[in-house]
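Enquirer: As input, take input.cif (mmCIF, C-alpha atoms and all ligand atoms):
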```
data_final
loop_
_atom_site.label_atom_id
_atom_site.label_comp_id
_atom_site.auth_asym_id
_atom_site.auth_seq_id
_atom_site.Cartn_x
_atom_site.Cartn_y
_atom_site.Cartn_z
CA MET A 1 121.42 123.91 102.94
CA LYS A 2 122.36 123.70 106.58
CA ALA A 3 122.39 120.30 108.29
CA VAL A 4 119.35 119.22 110.33
CA ASN A 5 120.22 118.33 113.92
CA ILE A 6 118.50 115.49 115.66
CA GLY A 7 118.55 114.46 119.30
CA ILE A 8 117.92 110.82 120.19
CA LEU A 9 116.30 109.69 123.44
CA GLY A 10 117.59 106.16 124.00
CA LEU A 11 120.37 104.37 122.16
CA GLY A 12 119.12 100.78 122.42
CA THR A 13 118.27 98.46 119.54
CA VAL A 14 116.33 100.98 117.43
CA GLY A 15 118.46 103.99 118.49
CA GLY A 16 121.63 102.12 117.52
CA GLY A 17 120.01 101.15 114.22
CA THR A 18 119.04 104.77 113.57
CA ALA A 19 122.64 105.91 114.12
CA LYS A 20 123.87 103.17 111.77
CA VAL A 21 121.35 103.98 109.01
CA LEU A 22 122.19 107.70 109.21
CA GLN A 23 125.89 106.91 109.00
CA ASP A 24 125.93 104.07 106.44
CA ASN A 25 123.43 105.74 104.09
CA ALA A 26 124.51 109.35 104.75
CA GLU A 27 125.36 109.99 101.09
CA GLU A 28 122.15 108.46 99.76
CA ILE A 29 120.07 110.38 102.29
CA LYS A 30 121.80 113.63 101.33
CA ARG A 31 121.16 112.91 97.64
CA ARG A 32 117.46 112.55 98.42
CA LEU A 33 117.08 115.35 100.94
CA GLY A 34 119.58 117.90 99.71
CA ARG A 35 120.97 118.39 103.19
CA GLU A 36 122.78 116.46 105.86
CA VAL A 37 121.13 114.84 108.90
CA ARG A 38 123.37 115.02 111.94
CA ILE A 39 122.95 113.47 115.38
CA SER A 40 123.82 116.37 117.64
CA ALA A 41 122.86 114.88 121.02
CA VAL A 42 121.93 111.57 122.59
CA CYS A 43 120.32 110.92 125.95
CA THR A 44 121.72 107.69 127.37
CA ARG A 45 123.74 106.35 130.28
CA ASN A 46 125.93 104.40 127.84
CA ALA A 47 128.50 106.96 126.69
CA VAL A 48 130.71 104.20 125.28
CA ARG A 49 127.97 103.24 122.82
CA VAL A 50 127.66 106.87 121.71
CA LYS A 51 131.43 106.95 121.08
CA GLN A 52 131.09 103.86 118.89
CA LEU A 53 127.95 104.84 116.98
CA CYS A 54 127.85 108.64 116.73
CA PRO A 55 131.03 110.09 118.27
CA GLN A 56 130.16 113.66 117.22
CA ALA A 57 127.06 113.69 119.47
CA VAL A 58 126.92 115.34 122.87
CA VAL A 59 125.88 112.88 125.60
CA VAL A 60 123.32 113.87 128.21
CA THR A 61 121.71 111.67 130.83
CA GLU A 62 118.45 113.56 131.51
CA PRO A 63 115.73 113.80 128.82
CA THR A 64 115.08 117.43 129.81
CA ASP A 65 118.66 118.29 128.94
CA LEU A 66 118.14 116.92 125.43
CA VAL A 67 114.73 118.40 124.63
CA ASN A 68 115.88 121.84 125.82
CA ARG A 69 118.92 122.01 123.55
CA ASP A 70 119.02 124.70 120.88
CA ASP A 71 121.03 122.44 118.58
CA VAL A 72 118.22 119.84 118.39
CA ASP A 73 115.61 120.43 115.65
CA ILE A 74 113.96 116.99 115.81
CA VAL A 75 113.64 114.82 118.93
CA VAL A 76 113.65 111.08 118.22
CA GLU A 77 111.95 109.29 121.13
CA LEU A 78 113.03 105.65 121.39
CA TYR A 79 112.51 104.98 125.09
CA GLY A 80 109.20 103.14 124.79
CA GLY A 81 106.66 103.07 127.62
CA THR A 82 104.55 105.97 128.75
CA SER A 83 106.12 107.56 131.80
CA VAL A 84 109.43 109.21 130.91
CA ALA A 85 108.63 109.08 127.19
CA LYS A 86 105.34 110.95 127.56
CA ASP A 87 106.87 113.78 129.58
CA ALA A 88 109.82 114.04 127.19
CA VAL A 89 107.62 114.12 124.08
CA LEU A 90 105.24 116.74 125.53
CA GLN A 91 108.20 118.84 126.66
CA ALA A 92 109.85 118.58 123.23
CA ILE A 93 106.62 119.67 121.51
CA GLY A 94 106.20 122.44 124.07
CA ASN A 95 109.68 123.64 123.09
CA GLY A 96 108.59 123.78 119.44
CA LYS A 97 110.57 120.72 118.36
CA HIS A 98 109.35 118.14 115.87
CA VAL A 99 109.16 114.58 117.18
CA VAL A 100 109.72 111.15 115.67
CA THR A 101 108.66 108.22 117.83
CA ALA A 102 108.44 104.44 117.55
CA ASN A 103 106.24 104.31 120.66
CA LYS A 104 102.91 102.63 119.84
CA LYS A 105 101.79 102.44 123.47
CA LEU A 106 102.34 106.15 123.95
CA LEU A 107 100.33 107.06 120.85
CA ALA A 108 97.55 104.50 121.39
CA GLU A 109 97.00 105.76 124.93
CA TYR A 110 97.93 109.46 124.75
CA GLY A 111 97.96 110.21 121.01
CA ASN A 112 95.00 112.62 121.14
CA GLU A 113 96.70 114.80 123.77
CA ILE A 114 100.05 114.65 121.95
CA PHE A 115 98.63 115.53 118.52
CA ALA A 116 96.51 118.34 119.95
CA LEU A 117 99.57 119.94 121.53
CA ALA A 118 101.59 119.41 118.34
CA GLU A 119 98.92 121.24 116.32
CA GLN A 120 98.85 124.06 118.83
CA LYS A 121 102.64 124.37 118.68
CA ASN A 122 102.75 123.94 114.90
CA VAL A 123 105.12 120.98 115.00
CA MET A 124 104.97 117.48 113.53
CA VAL A 125 104.88 114.17 115.38
CA TYR A 126 105.72 111.29 113.02
CA PHE A 127 105.40 107.64 113.98
CA GLU A 128 105.96 105.30 111.04
CA ALA A 129 108.07 102.96 113.20
CA ALA A 130 105.27 102.54 115.75
CA VAL A 131 103.27 100.17 113.55
CA ALA A 132 104.68 97.11 111.79
CA GLY A 133 108.34 98.23 112.03
CA GLY A 134 109.80 98.55 108.55
CA ILE A 135 106.51 98.34 106.61
CA PRO A 136 105.52 101.89 105.56
CA ILE A 137 101.89 101.35 106.53
CA ILE A 138 101.32 104.73 108.20
CA LYS A 139 102.36 106.57 105.06
CA THR A 140 100.22 104.21 103.02
CA LEU A 141 97.11 104.84 105.11
CA ARG A 142 97.69 108.60 105.37
CA GLU A 143 98.85 109.31 101.84
CA GLY A 144 98.92 106.37 99.43
CA LEU A 145 95.26 105.51 100.03
CA ALA A 146 94.06 109.09 100.55
CA ALA A 147 91.63 108.83 97.60
CA ASN A 148 89.73 105.96 99.24
CA GLN A 149 87.17 105.25 101.88
CA ILE A 150 88.93 102.53 103.82
CA GLN A 151 86.61 99.64 104.70
CA SER A 152 88.77 97.33 106.79
CA ILE A 153 92.28 96.51 107.94
CA ALA A 154 93.49 93.10 109.08
CA GLY A 155 97.07 92.67 110.18
CA ILE A 156 99.59 90.24 111.57
CA ILE A 157 101.31 92.94 113.58
CA ASN A 158 103.06 91.12 116.40
CA GLY A 159 106.09 89.14 115.24
CA THR A 160 106.56 87.33 118.54
CA SER A 161 103.05 85.86 118.47
CA ASN A 162 103.37 84.98 114.81
CA PHE A 163 106.65 83.18 115.48
CA ILE A 164 105.01 81.20 118.31
CA LEU A 165 101.98 80.24 116.19
CA THR A 166 104.19 79.26 113.27
CA GLU A 167 106.35 76.99 115.43
CA MET A 168 103.28 75.45 117.10
CA ARG A 169 101.85 74.59 113.68
CA GLU A 170 105.05 73.43 111.99
CA LYS A 171 106.51 71.48 114.92
CA GLY A 172 103.36 70.55 116.84
CA ALA A 173 104.96 72.12 119.92
CA THR A 174 103.08 73.50 122.91
CA PHE A 175 102.61 77.21 123.54
CA ALA A 176 104.83 77.09 126.65
CA ASP A 177 107.73 75.36 124.85
CA VAL A 178 107.72 77.77 121.91
CA LEU A 179 107.43 80.80 124.18
CA LYS A 180 110.58 79.66 125.97
CA GLN A 181 112.32 79.24 122.60
CA ALA A 182 111.20 82.75 121.53
CA GLN A 183 112.61 84.17 124.76
CA ASP A 184 115.91 82.30 124.27
CA LEU A 185 116.13 83.69 120.72
CA GLY A 186 115.48 87.19 122.04
CA TYR A 187 112.17 87.66 120.17
CA ALA A 188 109.92 87.73 123.23
CA GLU A 189 110.57 89.90 126.26
CA ALA A 190 111.33 88.22 129.61
CA ASP A 191 107.82 89.43 130.52
CA PRO A 192 106.10 88.61 127.24
CA THR A 193 102.60 89.68 128.31
CA PHE A 194 102.42 92.64 125.93
CA ASP A 195 103.20 90.48 122.92
CA ILE A 196 101.27 87.31 123.68
CA GLU A 197 98.18 88.84 125.28
CA GLY A 198 97.54 91.11 122.31
CA HIS A 199 98.39 94.51 123.88
CA ASP A 200 101.15 95.34 121.38
CA ALA A 201 98.94 94.39 118.43
CA GLY A 202 96.09 96.31 120.07
CA HIS A 203 98.16 99.49 120.22
CA LYS A 204 99.06 99.12 116.55
CA ILE A 205 95.57 98.36 115.21
CA THR A 206 94.15 101.21 117.33
CA ILE A 207 96.51 103.68 115.63
CA MET A 208 95.68 102.30 112.17
CA SER A 209 91.95 102.41 112.92
CA ALA A 210 92.11 106.13 113.73
CA LEU A 211 94.02 106.82 110.50
CA ALA A 212 91.63 104.72 108.43
CA PHE A 213 88.33 106.12 109.71
CA GLY A 214 89.21 109.63 110.85
CA THR A 215 88.42 109.12 114.54
CA PRO A 216 90.36 110.07 117.65
CA VAL A 217 92.69 107.31 118.88
CA ASN A 218 90.52 105.01 121.02
CA PHE A 219 92.51 102.20 122.66
CA ASP A 220 89.80 101.75 125.31
CA ALA A 221 87.49 100.48 122.57
CA CYS A 222 89.93 97.77 121.45
CA TYR A 223 89.02 94.20 122.42
CA LEU A 224 92.16 92.22 123.33
CA GLU A 225 92.56 88.47 123.38
CA GLY A 226 96.01 86.88 123.08
CA ILE A 227 97.34 83.46 122.13
CA SER A 228 98.32 82.09 125.54
CA LYS A 229 95.26 79.85 125.81
CA LEU A 230 95.54 78.35 122.33
CA GLU A 231 96.02 74.62 122.27
CA SER A 232 98.12 72.76 119.69
CA ARG A 233 95.17 70.57 118.78
CA ASP A 234 93.10 73.57 117.69
CA ILE A 235 95.93 74.58 115.36
CA LYS A 236 96.02 70.98 114.06
CA TYR A 237 92.24 70.70 113.61
CA ALA A 238 92.15 74.08 111.90
CA GLU A 239 94.82 72.92 109.49
CA GLU A 240 92.94 69.71 108.74
CA LEU A 241 89.94 71.87 107.85
CA GLY A 242 92.01 74.09 105.53
CA TYR A 243 92.64 76.98 107.93
CA ARG A 244 95.59 78.58 109.74
CA ILE A 245 95.31 80.36 113.09
CA LYS A 246 96.88 83.84 113.25
CA LEU A 247 96.80 86.58 115.85
CA LEU A 248 95.04 89.31 113.87
CA GLY A 249 94.42 92.95 114.59
CA ILE A 250 91.15 93.80 112.84
CA THR A 251 89.33 97.08 112.35
CA ARG A 252 86.29 97.41 110.13
CA ARG A 253 83.70 100.02 109.24
CA THR A 254 80.20 98.56 109.52
CA GLU A 255 76.74 100.09 109.37
CA LYS A 256 76.43 99.66 113.14
CA GLY A 257 79.83 101.13 114.03
CA ILE A 258 83.56 100.46 114.00
CA GLU A 259 84.96 97.06 114.93
CA LEU A 260 88.33 97.17 116.69
CA ARG A 261 89.72 93.90 117.99
CA VAL A 262 92.73 91.61 118.43
CA HIS A 263 92.31 87.86 118.79
CA PRO A 264 93.44 84.50 117.38
CA THR A 265 91.62 84.01 114.07
CA LEU A 266 91.10 81.12 111.67
CA LEU A 267 91.98 82.17 108.10
CA PRO A 268 91.52 80.07 104.96
CA GLU A 269 94.98 78.73 104.12
CA SER A 270 94.67 80.05 100.56
CA ARG A 271 94.82 83.65 101.81
CA LEU A 272 98.20 85.40 101.53
CA LEU A 273 97.86 86.59 105.12
CA ALA A 274 97.55 82.97 106.30
CA ASN A 275 100.98 82.29 104.81
CA VAL A 276 102.88 85.02 106.63
CA ASN A 277 105.13 83.02 108.91
CA GLY A 278 107.78 83.40 111.58
CA VAL A 279 108.40 86.89 112.92
CA MET A 280 107.21 88.61 109.74
CA ASN A 281 104.33 91.12 109.73
CA ALA A 282 101.70 91.83 107.07
CA VAL A 283 98.80 94.24 106.82
CA ARG A 284 95.85 93.84 104.47
CA VAL A 285 93.82 96.93 103.68
CA ASN A 286 90.50 96.87 101.88
CA ALA A 287 89.44 100.20 100.43
CA ASP A 288 86.58 101.19 98.17
CA MET A 289 88.47 102.36 95.09
CA VAL A 290 91.69 100.37 95.09
CA GLY A 291 90.23 97.13 96.48
CA GLU A 292 92.48 94.81 98.45
CA THR A 293 96.15 95.68 99.00
CA LEU A 294 98.70 93.82 101.13
CA TYR A 295 101.90 95.05 102.75
CA TYR A 296 104.54 92.59 104.02
CA GLY A 297 107.85 92.98 105.79
CA ALA A 298 109.85 92.94 108.99
CA GLY A 299 107.76 94.21 111.89
CA ALA A 300 110.64 94.67 114.28
CA GLY A 301 114.42 94.62 114.49
CA SER A 302 117.09 97.26 114.65
CA LEU A 303 117.53 98.23 110.99
CA PRO A 304 113.97 97.71 109.67
CA THR A 305 112.57 99.85 112.48
CA ALA A 306 115.36 102.41 112.04
CA SER A 307 114.50 102.53 108.32
CA ALA A 308 111.04 103.83 109.33
CA VAL A 309 112.49 106.26 111.89
CA VAL A 310 114.89 107.76 109.35
CA ALA A 311 112.17 108.00 106.68
CA ASP A 312 110.15 110.08 109.18
CA ILE A 313 113.16 112.29 109.86
CA ILE A 314 113.56 112.85 106.10
CA ASP A 315 109.83 113.64 105.70
CA ILE A 316 109.94 116.18 108.50
CA CYS A 317 113.08 117.81 107.09
CA ARG A 318 111.33 118.23 103.73
CA ILE A 319 108.28 120.01 105.08
CA MET A 320 109.39 121.66 108.30
CA GLY A 321 109.20 125.07 106.63
CA ALA A 322 105.63 124.52 105.39
CA ASP A 323 102.68 125.98 107.26
CA SER A 324 100.50 123.43 109.04
CA ASP A 325 97.67 123.69 106.46
CA ASN A 326 100.04 122.27 103.88
CA ARG A 327 101.27 119.33 105.91
CA VAL A 328 99.89 115.81 106.06
CA PRO A 329 97.60 115.77 109.13
CA HIS A 330 98.74 113.58 112.04
CA LEU A 331 95.63 111.42 111.95
CA ALA A 332 95.27 111.53 108.14
CA PHE A 333 92.18 113.79 108.23
CA GLN A 334 92.10 117.53 108.97
CA PRO A 335 91.93 117.96 112.78
CA SER A 336 88.49 119.61 112.49
CA GLN A 337 87.27 116.56 110.56
CA VAL A 338 88.40 113.93 113.08
CA LYS A 339 85.08 112.65 114.41
CA GLU A 340 83.97 110.42 117.26
CA LEU A 341 82.25 107.33 115.83
CA HIS A 342 80.52 104.50 117.65
CA PHE A 343 82.88 101.58 118.34
CA LEU A 344 81.19 98.21 118.68
CA SER A 345 81.70 96.10 121.79
CA ILE A 346 82.97 92.60 121.11
CA ASP A 347 79.47 91.21 121.75
CA GLU A 348 78.12 93.35 118.90
CA ILE A 349 80.56 92.20 116.21
CA THR A 350 79.62 89.76 113.48
CA SER A 351 81.86 86.78 112.71
CA SER A 352 81.84 83.09 111.93
CA TYR A 353 83.19 80.75 114.60
CA TYR A 354 85.19 77.57 115.26
CA LEU A 355 83.87 75.65 118.25
CA ARG A 356 85.46 72.59 119.85
CA VAL A 357 83.19 70.65 122.16
CA GLN A 358 84.26 67.75 124.36
CA ALA A 359 81.47 65.39 125.34
CA LEU A 360 80.59 61.86 126.34
CA ASP A 361 80.33 59.73 123.23
CA GLN A 362 76.61 59.06 123.54
CA ALA A 363 73.65 59.25 121.20
CA GLY A 364 71.91 62.61 121.09
CA VAL A 365 74.81 64.95 121.96
CA LEU A 366 75.26 66.28 118.44
CA GLY A 367 71.51 66.71 118.07
CA ASN A 368 71.38 68.71 121.30
CA ILE A 369 74.22 70.97 120.19
CA ALA A 370 72.67 71.57 116.76
CA THR A 371 69.34 72.44 118.39
CA LEU A 372 70.93 74.95 120.75
CA LEU A 373 72.75 76.64 117.86
CA ALA A 374 69.54 76.73 115.84
CA GLN A 375 67.73 78.37 118.76
CA GLN A 376 70.17 81.28 118.40
CA ASN A 377 69.61 81.29 114.65
CA ILE A 378 73.18 80.09 114.04
CA SER A 379 73.71 78.08 110.90
CA ILE A 380 76.36 75.33 110.83
CA GLU A 381 78.85 75.26 107.96
CA ALA A 382 80.69 72.08 108.97
CA LEU A 383 80.41 69.65 111.86
CA ILE A 384 82.82 66.80 112.39
CA GLN A 385 83.67 64.44 115.17
CA LYS A 386 87.39 64.86 115.32
CA SER A 387 88.50 62.05 117.55
CA VAL A 388 87.45 59.64 120.20
CA MET A 389 89.77 60.64 123.02
CA ASP A 390 89.17 57.46 124.97
CA ASP A 391 86.43 54.86 125.12
CA GLN A 392 83.89 57.31 126.50
CA HIS A 393 84.70 60.79 125.20
CA ALA A 394 84.43 62.40 121.80
CA GLU A 395 85.58 65.75 120.51
CA MET A 396 83.56 67.69 117.95
CA VAL A 397 84.60 70.63 115.83
CA ILE A 398 81.87 72.89 114.48
CA LEU A 399 82.32 75.73 112.02
CA THR A 400 79.44 78.21 111.97
CA HIS A 401 78.24 80.74 109.44
CA HIS A 402 78.17 84.42 110.39
CA THR A 403 76.35 85.45 113.53
CA VAL A 404 76.44 88.21 116.10
CA GLU A 405 78.91 87.36 118.89
CA LYS A 406 76.40 87.63 121.71
CA ASN A 407 74.34 84.89 120.05
CA ILE A 408 77.24 82.45 119.83
CA LYS A 409 78.15 83.15 123.47
CA GLN A 410 74.55 82.47 124.48
CA ALA A 411 74.62 79.19 122.54
CA ILE A 412 77.96 78.20 124.12
CA ARG A 413 76.58 78.81 127.61
CA ALA A 414 73.65 76.54 126.80
CA ILE A 415 75.91 73.84 125.25
CA GLU A 416 78.06 73.82 128.38
CA GLN A 417 74.90 73.03 130.40
CA ILE A 418 74.34 69.77 128.50
CA PRO A 419 75.19 67.08 131.09
CA MET A 420 77.13 65.06 128.49
CA VAL A 421 79.44 68.01 127.67
CA THR A 422 82.51 67.49 129.85
CA ALA A 423 84.68 70.60 129.35
CA PRO A 424 84.32 74.31 128.54
CA VAL A 425 83.77 74.94 124.83
CA THR A 426 86.72 76.38 122.89
CA MET A 427 85.68 79.26 120.61
CA ILE A 428 87.91 80.90 117.98
CA ARG A 429 86.70 83.59 115.56
CA MET A 430 87.08 83.07 111.80
CA GLU A 431 87.61 85.55 108.96
CA SER A 432 87.17 84.72 105.32
CA LEU A 433 88.79 88.03 104.23
CA ASN A 434 86.30 88.25 101.39
CA GLY A 435 86.06 91.95 100.65
N1 LIG B 1 107.40 93.09 120.17
C1 LIG B 1 106.90 93.44 118.87
C2 LIG B 1 106.71 92.18 118.05
C3 LIG B 1 107.79 94.36 118.10
O1 LIG B 1 106.96 91.08 118.52
O2 LIG B 1 106.27 92.31 116.92
C4 LIG B 1 107.68 95.76 118.54
O3 LIG B 1 106.37 96.23 118.44
#
```
Any chance you could give the structure as structure tokens?
Ligand code: HSE
Expert:
Amino acid sequence: MKAVNIGILGLGTVGGGTAKVLQDNAEEIKRRLGREVRISAVCTRNAVRVKQLCPQAVVVTEPTDLVNRDDVDIVVELYGGTSVAKDAVLQAIGNGKHVVTANKKLLAEYGNEIFALAEQKNVMVYFEAAVAGGIPIIKTLREGLAANQIQSIAGIINGTSNFILTEMREKGATFADVLKQAQDLGYAEADPTFDIEGHDAGHKITIMSALAFGTPVNFDACYLEGISKLESRDIKYAEELGYRIKLLGITRRTEKGIELRVHPTLLPESRLLANVNGVMNAVRVNADMVGETLYYGAGAGSLPTASAVVADIIDICRIMGADSDNRVPHLAFQPSQVKELHFLSIDEITSSYYLRVQALDQAGVLGNIATLLAQQNISIEALIQKSVMDDQHAEMVILTHHTVEKNIKQAIRAIEQIPMVTAPVTMIRMESLNG
């Protein structure tokens, strides 16, 4: 069979990895696919890198010049971002070319438009590398779990944040110190906002939510809260109580609607997800027939991400001749069956909560707090005075049972009005991951 030609937009970390995987595993890939995959063109300003990594490829410097080439069957978009990448991807699809992309932001924000055009043009847009790097979670959700109604997904899907939280817990370091270390090690970007404020995880859980529940991609509905305000003592108190704090992306089907959120979360330390450390990623899926399954691996990095990119290239090569009715749908469900569902606002979700309250160490404070929680019908699971910070102040940690978020916020507002409470209340959501 004749070789498949691919054109790569961007030869950075993942692009370089893709060239290396295609070269180092060329024989193995050919054994699996029955044909050769050849990089015919690369769009980059670094011609020297092309010479080193894929010398047979033509070098162009404008994306248009790559997506218009007759000798490109599949366009691999590895630019990231949504300006140049969006135009290039839409143009490639418009030209009838299949697309592989690692661009979670592009798909979370413009996926509906991109998939609609792809269906119209009868081409495939594959994106395994966009979520959790080397973990094949897109294929799992779209194909491996196709017999199930998926109930919930909870994932550690930002390696940078997980590295920071792990170091804060293991070394007792502050957020600012560990962030600097992550930047020095090259994990976090110079502007780390996307990683630490939950945007990157939000893009990924938004894509998984659409695949799980058969809805359009709905990033606007995703609640985002990052880790930048977490204090080391909350990590320490959580640990003393048998919990770890992780930045989780969560999506869940409930009777009232779909939950879609990213925030720091207390997890019981006995849970596998609580023990995923450093830059590693893991995704837990709960589905009605199979029950709980867990997927673990590298969420970023040149070769793990390239592994996902090349797997997509191989998948497309295998089915590019098939008519669209016989392909795996982009969003897992037939396009006509992708349905708008109600997404819950963060105030409508149900969770249990960790509260830390700083107050004057005087009689009656705890009683007041308990009364205000009871007024919102919130039941307390544990309540401990953690430390006397000085002669006059005490710090209390309260774990609640499940309640609707707007009730806990109402209770917190009332607690902060108690004259003896001396600082804003810290609130962190908890997940038991039971079913
Ligand atoms: N910056 C991401 C992370 C990897 O830290 O996990 C790419 O999505």
Enquirer: Do you have the CA of Lys20 in chain A-CA of Asn277 in chain A distance handy?
Expert: 27.7 Å
Enquirer: Pick the closest to ligand LIG 1 (chain B) from A:Asp391, A:Glu197, A:Glu119, A:Glu405: which is it, counting all atoms listed in the file?
Expert: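 The shortest atom-to-atom distance to ligand LIG 1 (chain B) comes from A:Glu197.
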Enquirer: Would you mind telling me which residue in A:Val283, A:Ile157, A:Leu341, A:Ile415 lies nearest to Val365 in chain A when using all atoms listed in the file?
Expert: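 Among the listed residues, A:Ile415 lies closest to Val365 in chain A.
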Enquirer: Just the residues within 8 Å of Glu348 in chain A, please, counting all atoms listed in the file, with nothing from its chain fewer than 3 positions along; format it as a list of chain:residue names.
Expert: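 In the requested form, the answer reads A:Leu344, A:Ser345, A:Val404, A:Glu405, A:Lys406.
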Enquirer: Hey, what's within 9 Å of Glu239 in chain A if we count all atoms listed in the file and toss same-chain stuff fewer than 6 positions away? As an MDAnalysis selection string, please?
Expert: chainID A and resid 169 245 269
Enquirer: If you measure from CA of Gly172 in chain A to CA of Ser387 in chain A, what distance in Å do you get, rounded to one decimal?
Expert: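 So the answer is 17.1 Å.
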Enquirer: Out of A:Lys104, A:Gln23, A:Arg32, A:Ile74, which residue has the shortest atom-to-atom distance to Leu53 in chain A when counting only C-alpha atoms?
Expert: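 Under the stated criterion, the closest residue is A:Gln23.
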Enquirer: Name the residues, using the chain letters and numbers of the file, that sit within 9 Å of (99.6, 105.8, 125.5) when counting only C-alpha atoms, and give them as JSON, numbers by chain.
Expert: {"A": [81, 82, 86, 103, 104, 105, 106, 107, 108, 109, 110, 111, 203, 219]}
Enquirer: Which residue is closest to Val125 in chain A? Choose from A:Arg31, A:Arg327, A:Arg233, A:Lys409 and count all atoms listed in the file.
Expert: A:Arg327
Enquirer: So, with all atoms listed in the file as the atoms that count, which of A:Leu247, A:Leu331, A:Ala359, A:Ile39 lies closest to Gly159 in chain A?
Expert: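 Smallest separation from Gly159 in chain A among the options: A:Leu247.
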Enquirer: For Gly301 in chain A, which residue out of A:Val4, A:Thr13, A:Val48, A:Thr140 is the nearest one, using all atoms listed in the file?
Expert: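 Nearest to Gly301 in chain A: A:Thr13.
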Enquirer: Need a file for range 197-208 of chain A from that block: N, CA, C and O atoms, written as a PDB file, in the first residue's frame.
Expert:
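Contents of selection.pdb, freshly written:
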```pdb
ATOM      1  N   GLU A 197      -4.389  27.898  37.540  1.00  0.00           N
ATOM      2  CA  GLU A 197      -5.737  28.420  37.795  1.00  0.00           C
ATOM      3  C   GLU A 197      -6.828  27.505  37.232  1.00  0.00           C
ATOM      4  O   GLU A 197      -7.984  27.873  37.151  1.00  0.00           O
ATOM      5  N   GLY A 198      -6.433  26.327  36.771  1.00  0.00           N
ATOM      6  CA  GLY A 198      -7.417  25.316  36.403  1.00  0.00           C
ATOM      7  C   GLY A 198      -7.913  25.364  34.958  1.00  0.00           C
ATOM      8  O   GLY A 198      -8.735  24.537  34.561  1.00  0.00           O
ATOM      9  N   HIS A 199      -7.403  26.313  34.132  1.00  0.00           N
ATOM     10  CA  HIS A 199      -7.914  26.417  32.755  1.00  0.00           C
ATOM     11  C   HIS A 199      -7.569  25.156  31.947  1.00  0.00           C
ATOM     12  O   HIS A 199      -8.415  24.614  31.239  1.00  0.00           O
ATOM     13  N   ASP A 200      -6.313  24.716  32.049  1.00  0.00           N
ATOM     14  CA  ASP A 200      -5.879  23.548  31.281  1.00  0.00           C
ATOM     15  C   ASP A 200      -6.711  22.318  31.674  1.00  0.00           C
ATOM     16  O   ASP A 200      -7.230  21.603  30.809  1.00  0.00           O
ATOM     17  N   ALA A 201      -6.864  22.110  32.973  1.00  0.00           N
ATOM     18  CA  ALA A 201      -7.693  20.977  33.431  1.00  0.00           C
ATOM     19  C   ALA A 201      -9.144  21.171  32.994  1.00  0.00           C
ATOM     20  O   ALA A 201      -9.833  20.212  32.643  1.00  0.00           O
ATOM     21  N   GLY A 202      -9.602  22.433  32.996  1.00  0.00           N
ATOM     22  CA  GLY A 202     -10.976  22.718  32.569  1.00  0.00           C
ATOM     23  C   GLY A 202     -11.203  22.352  31.104  1.00  0.00           C
ATOM     24  O   GLY A 202     -12.235  21.784  30.746  1.00  0.00           O
ATOM     25  N   HIS A 203     -10.228  22.673  30.260  1.00  0.00           N
ATOM     26  CA  HIS A 203     -10.359  22.296  28.844  1.00  0.00           C
ATOM     27  C   HIS A 203     -10.478  20.770  28.716  1.00  0.00           C
ATOM     28  O   HIS A 203     -11.305  20.256  27.960  1.00  0.00           O
ATOM     29  N   LYS A 204      -9.645  20.068  29.486  1.00  0.00           N
ATOM     30  CA  LYS A 204      -9.606  18.602  29.349  1.00  0.00           C
ATOM     31  C   LYS A 204     -10.882  17.953  29.884  1.00  0.00           C
ATOM     32  O   LYS A 204     -11.443  17.058  29.254  1.00  0.00           O
ATOM     33  N   ILE A 205     -11.364  18.397  31.050  1.00  0.00           N
ATOM     34  CA  ILE A 205     -12.570  17.755  31.600  1.00  0.00           C
ATOM     35  C   ILE A 205     -13.793  18.136  30.760  1.00  0.00           C
ATOM     36  O   ILE A 205     -14.733  17.346  30.629  1.00  0.00           O
ATOM     37  N   THR A 206     -13.769  19.314  30.139  1.00  0.00           N
ATOM     38  CA  THR A 206     -14.882  19.710  29.262  1.00  0.00           C
ATOM     39  C   THR A 206     -14.979  18.754  28.072  1.00  0.00           C
ATOM     40  O   THR A 206     -16.075  18.306  27.691  1.00  0.00           O
ATOM     41  N   ILE A 207     -13.833  18.421  27.494  1.00  0.00           N
ATOM     42  CA  ILE A 207     -13.829  17.500  26.339  1.00  0.00           C
ATOM     43  C   ILE A 207     -14.318  16.119  26.793  1.00  0.00           C
ATOM     44  O   ILE A 207     -15.173  15.492  26.154  1.00  0.00           O
ATOM     45  N   MET A 208     -13.821  15.650  27.936  1.00  0.00           N
ATOM     46  CA  MET A 208     -14.239  14.319  28.408  1.00  0.00           C
ATOM     47  C   MET A 208     -15.725  14.297  28.759  1.00  0.00           C
ATOM     48  O   MET A 208     -16.404  13.290  28.537  1.00  0.00           O
TER      49      MET A 208
END
```
